[in-house]
Amino acid sequence: MVGELESIYDPAWAESWDAVGLVCGDPAAEVRRVLFAVDPTAAVAAEAVEWGANLIVTHHPLYLRGVTSVAATTYKGRLVHTMIKNDVALFTAHTNADVADPGVSDALARAVGLTGPLTPLLPSAGDP
């Protein structure tokens with residue numbers, strides 16, 4: 001499943017500061033149910049466990065900076081422990097999903113009523 005997601009939201013498209021891709025979980029594990037969310041929160045993880053999801057795909061990353069611990073004594077550590085204990089993987093597609101064509105930015109533009117061709121306000125130098 002990770003390969004399929006990365007083929008749609010290429011990690012190379014992410015901004016240099018961003019943290020995208022598989023956060024926790026086994027990339028070889030079978031995925032039968034996927035829960036999509038904006039943010040990786042305790043409520044999202046609880047819903048995934050209750051619903052029987054094997055994978056959570058979020059837009060916003062759980063971690064943007066390196067960490068030295070995922071101890072369950074911290075909020076994010078508890079979240080990682082909950083997901084791992086329940087065989088729920090977490091995958092993030094953030095700025096790489098924003099620039100995909102079509103991507104998150106396109107969906108948001110359509111949701112607020114923009115019509116016609118959509119072009120970036122600030123095109124990347126390598127892909128105008």
# chains A, B, ... in the order shown; residues from 1 in each chain; ligands from 1
>>> residues_around(residues="Tyr63 (chain A)", least_positions_apart="2", cutoff="9 Å", atoms="only C-alpha atoms", output="list of chain:residue names")
A:Ala19, A:Val23, A:His60, A:Pro61, A:Arg65, A:Gly66, A:Val67, A:Lys76
>>> select_by_dssp(residues="chain A", states="alpha helix (DSSP H)", output="PyMOL selection string")
chain A and resi 2-8+42-51+75-85+95-98+104-111
>>> select_by_dssp(residues="chain A", states="strand (DSSP E)", output="ChimeraX atom specification")
/A:21-24,34-37,55-58,89-92
>>> residues_around(residues="Lys85 (chain A)", least_positions_apart="3", cutoff="12 Å", atoms="only C-alpha atoms", output="PyMOL selection string")
chain A and resi 24-25+45-46+49+54+72+78-82+88-89
>>> write_last_selection(atoms="N, CA and C atoms", output="PDB file, in the first residue's frame")
ATOM      1  N   CYS A  24       4.873   4.753  11.097  1.00  0.00           N
ATOM      2  CA  CYS A  24       4.981   3.503  11.857  1.00  0.00           C
ATOM      3  C   CYS A  24       4.153   2.446  11.146  1.00  0.00           C
ATOM      4  N   GLY A  25       4.541   1.196  11.361  1.00  0.00           N
ATOM      5  CA  GLY A  25       3.847   0.092  10.718  1.00  0.00           C
ATOM      6  C   GLY A  25       4.762  -0.663   9.779  1.00  0.00           C
ATOM      7  N   ALA A  45      -6.736   7.712  16.052  1.00  0.00           N
ATOM      8  CA  ALA A  45      -6.200   6.371  16.314  1.00  0.00           C
ATOM      9  C   ALA A  45      -7.256   5.483  16.971  1.00  0.00           C
ATOM     10  N   ALA A  46      -7.996   6.029  17.918  1.00  0.00           N
ATOM     11  CA  ALA A  46      -9.061   5.252  18.581  1.00  0.00           C
ATOM     12  C   ALA A  46     -10.129   4.849  17.579  1.00  0.00           C
ATOM     13  N   VAL A  49      -8.798   1.973  15.444  1.00  0.00           N
ATOM     14  CA  VAL A  49      -8.816   0.715  16.181  1.00  0.00           C
ATOM     15  C   VAL A  49     -10.243   0.179  16.267  1.00  0.00           C
ATOM     16  N   ASN A  54      -6.398  -0.844   9.202  1.00  0.00           N
ATOM     17  CA  ASN A  54      -5.005  -1.279   9.258  1.00  0.00           C
ATOM     18  C   ASN A  54      -4.049  -0.138   8.962  1.00  0.00           C
ATOM     19  N   ALA A  72       5.841   6.059  25.907  1.00  0.00           N
ATOM     20  CA  ALA A  72       4.402   6.227  26.100  1.00  0.00           C
ATOM     21  C   ALA A  72       4.079   7.289  27.151  1.00  0.00           C
ATOM     22  N   ARG A  78       2.506   7.914  23.129  1.00  0.00           N
ATOM     23  CA  ARG A  78       1.308   7.100  23.412  1.00  0.00           C
ATOM     24  C   ARG A  78       0.562   6.789  22.130  1.00  0.00           C
ATOM     25  N   LEU A  79       0.494   7.763  21.246  1.00  0.00           N
ATOM     26  CA  LEU A  79      -0.196   7.572  19.970  1.00  0.00           C
ATOM     27  C   LEU A  79       0.494   6.493  19.139  1.00  0.00           C
ATOM     28  N   VAL A  80       1.818   6.548  19.054  1.00  0.00           N
ATOM     29  CA  VAL A  80       2.576   5.532  18.321  1.00  0.00           C
ATOM     30  C   VAL A  80       2.373   4.159  18.961  1.00  0.00           C
ATOM     31  N   HIS A  81       2.418   4.083  20.284  1.00  0.00           N
ATOM     32  CA  HIS A  81       2.207   2.809  20.979  1.00  0.00           C
ATOM     33  C   HIS A  81       0.815   2.250  20.692  1.00  0.00           C
ATOM     34  N   THR A  82      -0.195   3.095  20.726  1.00  0.00           N
ATOM     35  CA  THR A  82      -1.566   2.656  20.429  1.00  0.00           C
ATOM     36  C   THR A  82      -1.648   2.058  19.036  1.00  0.00           C
ATOM     37  N   VAL A  88      -1.939  -0.907  13.483  1.00  0.00           N
ATOM     38  CA  VAL A  88      -2.405   0.186  12.643  1.00  0.00           C
ATOM     39  C   VAL A  88      -1.184   0.992  12.220  1.00  0.00           C
ATOM     40  N   ALA A  89      -0.967   1.078  10.928  1.00  0.00           N
ATOM     41  CA  ALA A  89       0.150   1.857  10.393  1.00  0.00           C
ATOM     42  C   ALA A  89      -0.292   3.302  10.202  1.00  0.00           C
TER      43      ALA A  89
END
>>> residues_around(residues="Val38 (chain A)", least_positions_apart="4", cutoff="12 Å", atoms="only C-alpha atoms", output="list in words")
Ala43, Val44, Ile56, Val57, Thr58, His59, His60, Pro61, Leu62, Phe91, Thr92, Ala93, His94, Ala97 and Val104 of chain A
>>> atom_distance(atom1="CA of Gly21 (chain A)", atom2="CA of Thr119 (chain A)")
25.3 Å
